[in-house]
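Data file: work.pdb. Format and content: PDB, C-alpha atoms.
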ATOM      1  CA  MET A 138     -31.034 -12.666 -44.101
ATOM      2  CA  LYS A 139     -28.817 -13.289 -41.127
ATOM      3  CA  GLU A 140     -26.275 -10.813 -42.568
ATOM      4  CA  LEU A 141     -28.769  -7.969 -42.171
ATOM      5  CA  GLU A 142     -29.420  -8.900 -38.558
ATOM      6  CA  GLN A 143     -25.664  -9.004 -37.908
ATOM      7  CA  LEU A 144     -25.137  -5.640 -39.619
ATOM      8  CA  ALA A 145     -27.959  -4.100 -37.577
ATOM      9  CA  GLU A 146     -26.470  -5.518 -34.393
ATOM     10  CA  SER A 147     -23.086  -4.049 -35.308
ATOM     11  CA  VAL A 148     -24.660  -0.591 -35.739
ATOM     12  CA  ARG A 149     -26.577  -0.976 -32.488
ATOM     13  CA  ALA A 150     -23.448  -1.930 -30.554
ATOM     14  CA  GLN A 151     -21.151   0.687 -32.133
ATOM     15  CA  LEU A 152     -23.572   3.548 -31.505
ATOM     16  CA  ASN A 153     -24.788   2.155 -28.145
ATOM     17  CA  LEU A 154     -28.420   2.045 -29.269
ATOM     18  CA  LYS A 155     -31.518  -0.002 -28.577
ATOM     19  CA  TYR A 156     -34.034  -1.279 -31.098
ATOM     20  CA  ASP A 157     -36.569   1.435 -30.308
ATOM     21  CA  GLY A 158     -38.045   4.726 -31.479
ATOM     22  CA  ALA A 159     -35.575   6.851 -29.520
ATOM     23  CA  SER A 160     -32.698   5.124 -31.289
ATOM     24  CA  VAL A 161     -34.351   5.630 -34.686
ATOM     25  CA  LYS A 162     -34.627   9.334 -33.782
ATOM     26  CA  PHE A 163     -30.914   9.362 -32.894
ATOM     27  CA  VAL A 164     -30.030   7.746 -36.239
ATOM     28  CA  GLU A 165     -32.179  10.337 -38.029
ATOM     29  CA  GLY A 166     -30.087  13.074 -36.401
ATOM     30  CA  PHE A 167     -26.882  11.168 -37.121
ATOM     31  CA  ILE A 168     -27.765  11.160 -40.832
ATOM     32  CA  GLU A 169     -28.483  14.888 -40.798
ATOM     33  CA  ARG A 170     -25.288  15.726 -38.910
ATOM     34  CA  ASN A 171     -23.033  13.593 -41.074
ATOM     35  CA  LYS A 172     -24.478  13.228 -44.580
ATOM     36  CA  SER A 173     -22.456  16.075 -46.069
ATOM     37  CA  HIS A 174     -19.181  14.574 -44.834
ATOM     38  CA  PHE A 175     -19.290  11.456 -47.006
ATOM     39  CA  GLU A 176     -18.849  10.688 -50.686
ATOM     40  CA  ASN A 177     -21.456   8.672 -52.610
ATOM     41  CA  GLU A 178     -19.582   5.375 -52.135
ATOM     42  CA  GLU A 179     -19.428   5.924 -48.380
ATOM     43  CA  ASN A 180     -23.088   6.955 -48.340
ATOM     44  CA  GLN A 181     -24.046   3.578 -49.822
ATOM     45  CA  GLY A 182     -22.273   1.764 -46.993
ATOM     46  CA  LEU A 183     -24.055   3.951 -44.444
ATOM     47  CA  ILE A 184     -27.388   3.403 -46.190
ATOM     48  CA  ASN A 185     -26.852  -0.362 -45.967
ATOM     49  CA  SER A 186     -25.811  -0.222 -42.310
ATOM     50  CA  LEU A 187     -28.464   2.230 -41.146
ATOM     51  CA  GLY A 188     -31.152   0.631 -43.316
ATOM     52  CA  SER A 189     -30.409  -2.709 -41.668
ATOM     53  CA  PHE A 190     -30.735  -1.099 -38.256
ATOM     54  CA  LEU A 191     -34.007   0.650 -39.182
ATOM     55  CA  GLY A 192     -35.408  -2.591 -40.576
ATOM     56  CA  GLN A 193     -34.448  -4.512 -37.453
ATOM     57  CA  CYS A 194     -36.144  -1.858 -35.280
ATOM     58  CA  ILE A 195     -39.298  -2.329 -37.357
ATOM     59  CA  ILE A 196     -39.155  -6.120 -37.018
ATOM     60  CA  LYS A 197     -38.517  -6.067 -33.269
ATOM     61  CA  ASN A 198     -41.286  -3.555 -32.540
ATOM     62  CA  TYR A 199     -43.921  -4.173 -35.211
ATOM     63  CA  GLY A 200     -43.205  -7.659 -36.551
ATOM     64  CA  GLY A 201     -42.473  -8.682 -40.093
ATOM     65  CA  GLN A 202     -39.440 -10.376 -41.557
ATOM     66  CA  TRP A 203     -36.647  -9.650 -43.994
ATOM     67  CA  GLN A 204     -37.556 -10.714 -47.513
ATOM     68  CA  ARG A 205     -36.619  -9.972 -51.118
ATOM     69  CA  ASP A 206     -39.527  -8.252 -52.869
ATOM     70  CA  ASN A 207     -40.469 -10.184 -56.020
ATOM     71  CA  GLU A 208     -41.646  -7.063 -57.869
ATOM     72  CA  THR A 209     -38.722  -4.731 -57.205
ATOM     73  CA  GLY A 210     -35.914  -7.064 -56.155
ATOM     74  CA  ALA A 211     -35.357  -4.842 -53.108
ATOM     75  CA  ILE A 212     -34.798  -6.191 -49.617
ATOM     76  CA  VAL A 213     -37.840  -5.264 -47.525
ATOM     77  CA  VAL A 214     -39.504  -5.898 -44.199
ATOM     78  CA  ALA A 215     -42.609  -7.853 -45.163
ATOM     79  CA  PHE A 216     -45.597  -7.962 -42.832
ATOM     80  CA  ASP A 217     -47.511 -10.104 -45.348
ATOM     81  CA  ASP A 218     -47.663 -10.461 -49.140
ATOM     82  CA  ASN A 219     -49.233  -7.024 -49.621
ATOM     83  CA  ASN A 220     -47.675  -4.925 -46.856
ATOM     84  CA  LYS A 221     -43.978  -4.149 -46.965
ATOM     85  CA  ALA A 222     -41.651  -1.493 -45.603
ATOM     86  CA  PHE A 223     -38.552  -0.415 -47.543
ATOM     87  CA  PRO A 224     -36.041   0.709 -44.887
ATOM     88  CA  PHE A 225     -33.052   1.020 -47.242
ATOM     89  CA  ALA A 226     -35.016   3.211 -49.640
ATOM     90  CA  LYS A 227     -36.180   5.399 -46.758
ATOM     91  CA  VAL A 228     -32.652   5.894 -45.392
ATOM     92  CA  SER A 229     -31.464   6.719 -48.913
ATOM     93  CA  LYS A 230     -34.259   9.272 -49.319
ATOM     94  CA  GLN A 231     -33.320  10.980 -46.063
ATOM     95  CA  PHE A 232     -29.708  11.214 -47.261
ATOM     96  CA  ASP A 233     -30.972  12.834 -50.474
ATOM     97  CA  ASN A 234     -33.857  14.985 -49.216
ATOM     98  CA  GLY A 235     -33.246  15.603 -45.538
ATOM     99  CA  LEU A 236     -35.925  15.591 -42.888
ATOM    100  CA  GLU A 237     -38.784  15.829 -45.355
ATOM    101  CA  ASP A 238     -38.060  12.101 -45.761
ATOM    102  CA  SER A 239     -37.524  11.458 -42.053
ATOM    103  CA  ILE A 240     -36.813   7.868 -41.048
ATOM    104  CA  HIS A 241     -38.327   8.539 -37.622
ATOM    105  CA  SER A 242     -41.629   9.682 -39.135
ATOM    106  CA  PHE A 243     -41.564   6.605 -41.370
ATOM    107  CA  TYR A 244     -40.977   4.390 -38.331
ATOM    108  CA  THR A 245     -43.731   5.975 -36.249
ATOM    109  CA  VAL A 246     -46.450   5.783 -38.928
ATOM    110  CA  ILE A 247     -45.953   2.071 -39.615
ATOM    111  CA  PRO A 248     -48.664   0.904 -37.180
ATOM    112  CA  THR A 249     -51.158   3.340 -38.704
ATOM    113  CA  VAL A 250     -50.335   2.629 -42.346
ATOM    114  CA  PHE A 251     -50.177  -1.138 -41.952
ATOM    115  CA  LYS A 252     -52.761  -1.397 -39.151
ATOM    116  CA  ILE A 253     -50.296  -3.213 -36.895
ATOM    117  CA  LYS A 254     -50.222  -3.212 -33.123
ATOM    118  CA  LYS A 255     -46.876  -2.489 -31.552
ATOM    119  CA  LYS A 256     -45.378  -5.542 -29.887
ATOM    120  CA  LYS A 257     -45.663  -5.380 -26.137
ATOM    121  CA  LYS A 258     -42.626  -6.105 -23.999
ATOM    122  CA  PRO A 259     -43.081  -8.427 -21.066
ATOM    123  CA  TRP A 260     -43.612  -6.433 -17.872
ATOM    124  CA  TRP A 261     -40.237  -7.547 -16.486
ATOM    125  CA  LYS A 262     -38.266  -6.012 -19.396
ATOM    126  CA  PHE A 263     -37.867  -2.298 -18.898
TER     127      PHE A 263
END
Structure re-expressed in structure tokens:
Amino acid sequence: MKELEQLAESVRAQLNLKYDGASVKFVEGFIERNKSHFENEENQGLINSLGSFLGQCIIKNYGGQWQRDNETGAIVVAFDDNNKAFPFAKVSKQFDNGLEDSIHSFYTVIPTVFKIKKKKKPWWKF
């Protein structure tokens, strides 16, 4: 799933973001500010790009890995066989429903829902 990592890195670099909660919050606002300016075909490209970025933020901060879900065929962030996050679906839902399907809320509840501890950065990385 190297392509997803590369796509996420492209989004991160173009928007000058980090793989953190503040950047997920920025992307949430970006979706809200721009979703009405794009056609459905363009939305799908944004969903792929922003979903890759959201998924990579999850992986870097909470663990997991990119995987194709056997049941749905969707690309997910899998923490184990039973616990999976669907970042592309969540970005798509925010495009459709607005902040009631907030990607930032989704991102912040992951440790509670999946009972995961946030990865700690080494003290020398600020």
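Counting only C-alpha atoms and comparing A:Glu179, A:His174, A:Ile168, A:Gln204, the residue that lies closest to Ser239 of chain A is A:Ile168.
You will find atom CA of Glu142 of chain A at 17.6 Å from atom CA of Tyr244 of chain A.
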Open item on the list: Which residues, named as in the file, does the PyMOL selection byres ((chain A and resi 182-184) around 12) pick out? Answer as a PyMOL selection string.
Closed with: chain A and resi 144-145+148+164-165+167-168+171-172+174-181+185-192+223-233+240
Write a file of the just-selected residues containing C-alpha atoms, as a PDB file, keeping the file's coordinate frame.
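Below you can see out-v4.pdb, which holds the result:
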ATOM      1  CA  LEU A 144     -25.137  -5.640 -39.619  1.00  0.00           C
ATOM      2  CA  ALA A 145     -27.959  -4.100 -37.577  1.00  0.00           C
ATOM      3  CA  VAL A 148     -24.660  -0.591 -35.739  1.00  0.00           C
ATOM      4  CA  VAL A 164     -30.030   7.746 -36.239  1.00  0.00           C
ATOM      5  CA  GLU A 165     -32.179  10.337 -38.029  1.00  0.00           C
ATOM      6  CA  PHE A 167     -26.882  11.168 -37.121  1.00  0.00           C
ATOM      7  CA  ILE A 168     -27.765  11.160 -40.832  1.00  0.00           C
ATOM      8  CA  ASN A 171     -23.033  13.593 -41.074  1.00  0.00           C
ATOM      9  CA  LYS A 172     -24.478  13.228 -44.580  1.00  0.00           C
ATOM     10  CA  HIS A 174     -19.181  14.574 -44.834  1.00  0.00           C
ATOM     11  CA  PHE A 175     -19.290  11.456 -47.006  1.00  0.00           C
ATOM     12  CA  GLU A 176     -18.849  10.688 -50.686  1.00  0.00           C
ATOM     13  CA  ASN A 177     -21.456   8.672 -52.610  1.00  0.00           C
ATOM     14  CA  GLU A 178     -19.582   5.375 -52.135  1.00  0.00           C
ATOM     15  CA  GLU A 179     -19.428   5.924 -48.380  1.00  0.00           C
ATOM     16  CA  ASN A 180     -23.088   6.955 -48.340  1.00  0.00           C
ATOM     17  CA  GLN A 181     -24.046   3.578 -49.822  1.00  0.00           C
ATOM     18  CA  ASN A 185     -26.852  -0.362 -45.967  1.00  0.00           C
ATOM     19  CA  SER A 186     -25.811  -0.222 -42.310  1.00  0.00           C
ATOM     20  CA  LEU A 187     -28.464   2.230 -41.146  1.00  0.00           C
ATOM     21  CA  GLY A 188     -31.152   0.631 -43.316  1.00  0.00           C
ATOM     22  CA  SER A 189     -30.409  -2.709 -41.668  1.00  0.00           C
ATOM     23  CA  PHE A 190     -30.735  -1.099 -38.256  1.00  0.00           C
ATOM     24  CA  LEU A 191     -34.007   0.650 -39.182  1.00  0.00           C
ATOM     25  CA  GLY A 192     -35.408  -2.591 -40.576  1.00  0.00           C
ATOM     26  CA  PHE A 223     -38.552  -0.415 -47.543  1.00  0.00           C
ATOM     27  CA  PRO A 224     -36.041   0.709 -44.887  1.00  0.00           C
ATOM     28  CA  PHE A 225     -33.052   1.020 -47.242  1.00  0.00           C
ATOM     29  CA  ALA A 226     -35.016   3.211 -49.640  1.00  0.00           C
ATOM     30  CA  LYS A 227     -36.180   5.399 -46.758  1.00  0.00           C
ATOM     31  CA  VAL A 228     -32.652   5.894 -45.392  1.00  0.00           C
ATOM     32  CA  SER A 229     -31.464   6.719 -48.913  1.00  0.00           C
ATOM     33  CA  LYS A 230     -34.259   9.272 -49.319  1.00  0.00           C
ATOM     34  CA  GLN A 231     -33.320  10.980 -46.063  1.00  0.00           C
ATOM     35  CA  PHE A 232     -29.708  11.214 -47.261  1.00  0.00           C
ATOM     36  CA  ASP A 233     -30.972  12.834 -50.474  1.00  0.00           C
ATOM     37  CA  ILE A 240     -36.813   7.868 -41.048  1.00  0.00           C
TER      38      ILE A 240
END
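The closest residue to Ile195 of chain A, picked from A:Glu237, A:Glu208, A:Asp157, A:Asp218 and counting only C-alpha atoms, is A:Asp157.
Taking only C-alpha atoms into account, Glu146 of chain A lies nearest to A:Cys194 out of the set A:Cys194, A:Ile247, A:Val213, A:Ala222.
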Open item on the list: List as a list in words the protein and nucleic acid residues near Trp203 of chain A, meaning an atom at most 7 Å away when all atoms listed in the file are counted, but skip any in the same chain fewer than 4 places from it.
Closed with: Met138, Ile212, Val213, Val214 and Ala215 of chain A
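Between atom CA of Arg205 of chain A and atom CA of Ser242 of chain A lies a distance of 23.6 Å.
Atom CA of Asn207 of chain A lies 23.4 Å from atom CA of Gln143 of chain A.
Closest approach to Phe216 of chain A among A:Gly158, A:Ala150, A:Phe251, A:Leu236 is made by A:Phe251 (distances from all atoms listed in the file).
Between Thr245 of chain A and the residues A:Leu154, A:Gln193, A:Lys139, A:Ala159, the shortest atom-to-atom distance, using only C-alpha atoms, involves A:Ala159.
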Open item on the list: Let me make sure I understand: among A:Asn234, A:Asn198, A:Thr209, A:Ser173, which one has the smallest atom-to-atom distance to Tyr156 of chain A if we use only C-alpha atoms?
Closed with: A:Asn198
Test item: axis-aligned box, all listed atoms of segment 154-170 of chain A, 6 Å on each side, centre and edges in Å rounded to one decimal, as JSON:
{"center_x": -31.7, "center_y": 7.2, "center_z": -34.7, "size_x": 24.8, "size_y": 29.0, "size_z": 24.3}
Could you rebuild segment 238-250 of chain A with N, CA and C atoms and give it back as a CSV table (one decimal), keeping the file's coordinate frame?
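Result file is out.csv:
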chain,number,residue,atom,x,y,z
A,238,ASP,N,-38.0,13.5,-45.6
A,238,ASP,CA,-38.1,12.1,-45.8
A,238,ASP,C,-37.5,11.4,-44.5
A,239,SER,N,-38.0,11.9,-43.4
A,239,SER,CA,-37.5,11.5,-42.1
A,239,SER,C,-37.7,10.0,-41.8
A,240,ILE,N,-36.7,9.3,-41.4
A,240,ILE,CA,-36.8,7.9,-41.0
A,240,ILE,C,-37.6,7.7,-39.8
A,241,HIS,N,-37.6,8.7,-38.9
A,241,HIS,CA,-38.3,8.5,-37.6
A,241,HIS,C,-39.8,8.7,-37.9
A,242,SER,N,-40.2,9.6,-38.8
A,242,SER,CA,-41.6,9.7,-39.1
A,242,SER,C,-42.1,8.4,-39.8
A,243,PHE,N,-41.3,7.9,-40.7
A,243,PHE,CA,-41.6,6.6,-41.4
A,243,PHE,C,-41.8,5.5,-40.3
A,244,TYR,N,-40.9,5.4,-39.4
A,244,TYR,CA,-41.0,4.4,-38.3
A,244,TYR,C,-42.3,4.5,-37.5
A,245,THR,N,-42.6,5.8,-37.1
A,245,THR,CA,-43.7,6.0,-36.2
A,245,THR,C,-45.1,5.8,-36.9
A,246,VAL,N,-45.2,6.0,-38.2
A,246,VAL,CA,-46.4,5.8,-38.9
A,246,VAL,C,-46.7,4.3,-39.3
A,247,ILE,N,-45.8,3.5,-39.2
A,247,ILE,CA,-46.0,2.1,-39.6
A,247,ILE,C,-47.2,1.4,-39.0
A,248,PRO,N,-47.5,1.6,-37.7
A,248,PRO,CA,-48.7,0.9,-37.2
A,248,PRO,C,-50.0,1.5,-37.8
A,249,THR,N,-50.0,2.7,-38.1
A,249,THR,CA,-51.2,3.3,-38.7
A,249,THR,C,-51.3,2.9,-40.1
A,250,VAL,N,-50.3,3.0,-40.9
A,250,VAL,CA,-50.3,2.6,-42.3
A,250,VAL,C,-50.7,1.2,-42.5
